[in-house]
Amino acid sequence: MKLLLFLFSIQMSYFLVNTCTTGEVRLVNGTTPDQGRVEICINGVWGTVCDDNWNYNNARVVCRQLGYNTDDATYFRGPDHNYGSGNGSIFLDGVRCFGNEYNLLGCLHYPIGSHHCDHSEDVAVSCFLACFTGEVRLANGTTANQGRVEICINGVWGTVCDDDWNYNNARVVCRQLGYNTDGATYFRGPDHNYGSGNGSIFLDGVRCFGNEYNLLGCLHNPIRTHNCDHSKDVAVSCSLACFTGEVRLVNGTTPNQGRVEICINGVWGTVCDDLWTNNSARVVCRQLGYNTDGATYFRGPDHNYGSGTGSIFLDEVQCFGNEYNLLACLHYPIGSHNCDHSEDVAVSCSLDTCESLPSPTPSTVILTVTNSFCEPPSSSPFNLSSITVTTIPITVTATATVESTAAIMSAIILPIILLMIIVLLISLTLIFYYYKIRKAVNRKPVSGKRTLTAKLDDDVVFNIRYNDTNQQISCSQFTSLPLPAIPENQVSDGTNDQDYTTMDSSCNHIYQDATKI
């Protein structure tokens, strides 16, 4: 009887030890699950890996196989880490990976069990945590709102088995990811085209009521306890809930306060509190149509609006305060962050009147639009019938101000008026000089046989006629006065001829006793 019990205990011990599948890897003796000494399972037994040819590409493959982000993978050779030496078998040596393999046994290596090293050369890696426990994602879909369901446990992504998988479970996944739950569709293993996962299977027997906020809140078998393989991995398809760039405030007692969430590709996600300030809160309030003057910001631990679930889309947001939407601020690439949901930000916006408007002037028309910037936003756009117009008592025919119209008219009319004035002055001046010259030089004939006329050319020219004999003398020639004497054979009218030849330097009063024409 004792012998039977002994044999049974040996078999049970073997069964308990033989808990892994050939090709699985794990990290041992690290302070966090994403770092440690590399061990690989062969025929149900865990063993170590020698450091010959161990490099960055090898570390990337280990991190990928475990579900971690491969970008920050770090490799360590035997003497270069503090994760201790293994014991038992050394299964791999001379491992050479290209970096794109999905498991360590897919790389080149010596035959299993062949090596020329001891445990002082056991390798190790450190991987960047790819996720936080409880997060879910949809993998291998053609759009972000559909795909194979994967859940994160201790920084590692794994799949979910299809036992008891139904519509309520799909609703919870969609809600956790920020999608609309009404259009949720569920798929069991053989019923979708999103492929099979690799690595761990974390959940099985999931039973949700449909109102839970995360998949781990549903009933399920203990984590990692399952009776399936990856051919039964589940999938969902969710309806888009929003448009990229939208923001909303969640879990507040009034619509103007709450945890900040932003929409990316139809999915609602949260914002990390690194560099979150009042300027960022002002932008959120402005985008939602609230007054920015009373905006108040809250970082993760400083508010009572709860932590979000699903994606964290923004981190290190830096706003100047004058932007019109949160995506216009500086921030890390969408989806890049170094935080969890305990650092989700929140804001409180003022319900006071709009931001200061300019004081009305006698040329201002003010439009007041209900449900615009003075009131909390509604789910539907404002009705045109809610627009009221307030005007200062003046006559206006368009939205342009009177000052603007006057400025335009002045720019056109004033130059025309000035041009007309200049033309008028020039005309008056010419007329004045014309009559002045006529007064000076145009006289009636002194006698029936002698006449004087004048014309304006380069100089005033006098046409003097003596009994049908014409002579032309310019004004400048009068400096050699007297004029030629009247021929003696001409009969004088009895006056002094010399008087007719006197004149001043301006050619005025050529004949002292001439009669004005």
# chains A, B, ... in the order shown; residues from 1 in each chain; ligands from 1

$ select_by_dssp --residues "range 207-378 of chain A" --states "helix (DSSP H, G or I)" --output "list in words"
Leu215, Leu216, Gly217, His230, Ser231, Lys232, Asn278, Asn279, Ser280, Ala281, Arg282, Val283, Val284, Cys285, Arg286, Gln287, Leu288, Gly300, Pro301, Asp302, Leu326, Leu327, Ala328, His341, Ser342 and Glu343 of chain A

$ residues_around --residues "range 58-62 of chain A" --least-positions-apart "2" --cutoff "9 Å" --atoms "only C-alpha atoms" --output "ChimeraX atom specification"
/A:25-26,38,53-56,64-76,95-104,107,124-127

$ closest_residue --among "A:Gly310, A:Gly197, A:Gly155, A:Gly113" --to "Phe128 in chain A" --atoms "only C-alpha atoms"
A:Gly155

$ residues_around --residues "Arg282 in chain A" --least-positions-apart "2" --cutoff "10 Å" --atoms "only C-alpha atoms" --output "CSV table (one decimal) with C-alpha atoms, in the first residue's frame"
chain,number,residue,atom,x,y,z
A,277,THR,CA,-2.1,72.6,-16.9
A,278,ASN,CA,-4.8,75.3,-16.9
A,279,ASN,CA,-4.0,76.1,-20.5
A,280,SER,CA,-4.9,72.6,-21.5
A,284,VAL,CA,-10.9,71.5,-23.6
A,285,CYS,CA,-13.6,74.0,-22.3
A,286,ARG,CA,-13.3,76.1,-25.5
A,287,GLN,CA,-13.7,73.0,-27.7
A,288,LEU,CA,-16.8,72.0,-25.7
A,290,TYR,CA,-17.9,76.6,-22.4
A,291,ASN,CA,-16.4,79.8,-21.0
A,292,THR,CA,-12.6,79.4,-20.7
A,293,ASP,CA,-12.2,81.9,-17.9
A,294,GLY,CA,-13.3,79.6,-15.2
A,295,ALA,CA,-11.5,76.5,-16.5
A,296,THR,CA,-10.0,74.3,-13.8
A,297,TYR,CA,-7.6,71.4,-14.4
A,319,CYS,CA,-1.2,73.8,-24.9
A,320,PHE,CA,-0.7,77.6,-25.2
A,321,GLY,CA,-4.3,78.1,-24.2
A,322,ASN,CA,-5.5,79.7,-27.5
A,323,GLU,CA,-6.0,76.4,-29.5
A,324,TYR,CA,-9.5,75.4,-30.6
A,325,ASN,CA,-9.1,71.7,-30.1
A,326,LEU,CA,-6.9,69.4,-28.0
A,347,VAL,CA,-11.4,69.5,-16.1
A,348,SER,CA,-14.2,71.6,-14.7
A,349,CYS,CA,-15.6,74.4,-17.0

$ closest_residue --among "A:Pro111, A:Pro79, A:Gly147, A:Gly88" --to "Ser237 in chain A" --atoms "only C-alpha atoms"
A:Gly147

$ atom_distance --atom1 "CA of Val160 in chain A" --atom2 "CA of Thr225 in chain A"
10.6 Å

$ select_by_dssp --residues "range 210-385 of chain A" --states "strand (DSSP E)" --output "ChimeraX atom specification"
/A:235-239,247-250,257-264,267-271,291-298,312-314,346-350,365-369

$ atom_distance --atom1 "CA of Asn168 in chain A" --atom2 "CA of Arg188 in chain A"
13.3 Å

$ closest_atom_pairs --of "range 285-348 of chain A" --to "range 131-140 of chain A" --cutoff "12 Å" --atoms "only C-alpha atoms" --output "CSV"
residue,atom,partner,partner_atom,distance
A:Gly308,CA,A:Glu135,CA,10.7
A:Thr309,CA,A:Glu135,CA,7.2
A:Gly310,CA,A:Glu135,CA,5.8
A:Ser311,CA,A:Glu135,CA,7.8
A:Ile312,CA,A:Glu135,CA,10.2
A:Gly335,CA,A:Cys131,CA,11.3
A:Ser336,CA,A:Cys131,CA,11.2
A:His337,CA,A:Cys131,CA,10.4
A:Asn338,CA,A:Cys131,CA,10.1
A:Cys339,CA,A:Phe132,CA,9.4
A:Asp340,CA,A:Phe132,CA,7.2
A:His341,CA,A:Phe132,CA,9.2
A:Ser342,CA,A:Phe132,CA,11.3

$ closest_residue --among "A:Arg248, A:His226, A:Cys242, A:Gly30" --to "Asn180 in chain A" --atoms "only C-alpha atoms"
A:Cys242

$ residues_around --residues "Cys50 in chain A" --least-positions-apart "2" --cutoff "7 Å" --atoms "only C-alpha atoms" --output "list in words"
Thr48, Asp52, Leu92, Asp93, Cys117, Glu121, Asp122 and Val123 of chain A

$ residues_around --residues "Gly217 in chain A" --least-positions-apart "3" --cutoff "10 Å" --atoms "only C-alpha atoms" --output "MDAnalysis selection string"
chainID A and resid 134 172 206:209 211:214 220

$ closest_residue --among "A:His331, A:Asn154, A:Val250, A:Trp46" --to "Gly306 in chain A" --atoms "only C-alpha atoms"
A:Val250

$ closest_residue --among "A:Leu275, A:Ile417, A:Leu314, A:Val234" --to "Gly205 in chain A" --atoms "only C-alpha atoms"
A:Val234

$ closest_residue --among "A:His115, A:His81, A:Lys436, A:Lys232" --to "Arg148 in chain A" --atoms "only C-alpha atoms"
A:Lys232

$ atom_distance --atom1 "CA of Gly84 in chain A" --atom2 "CA of Ile153 in chain A"
24.7 Å
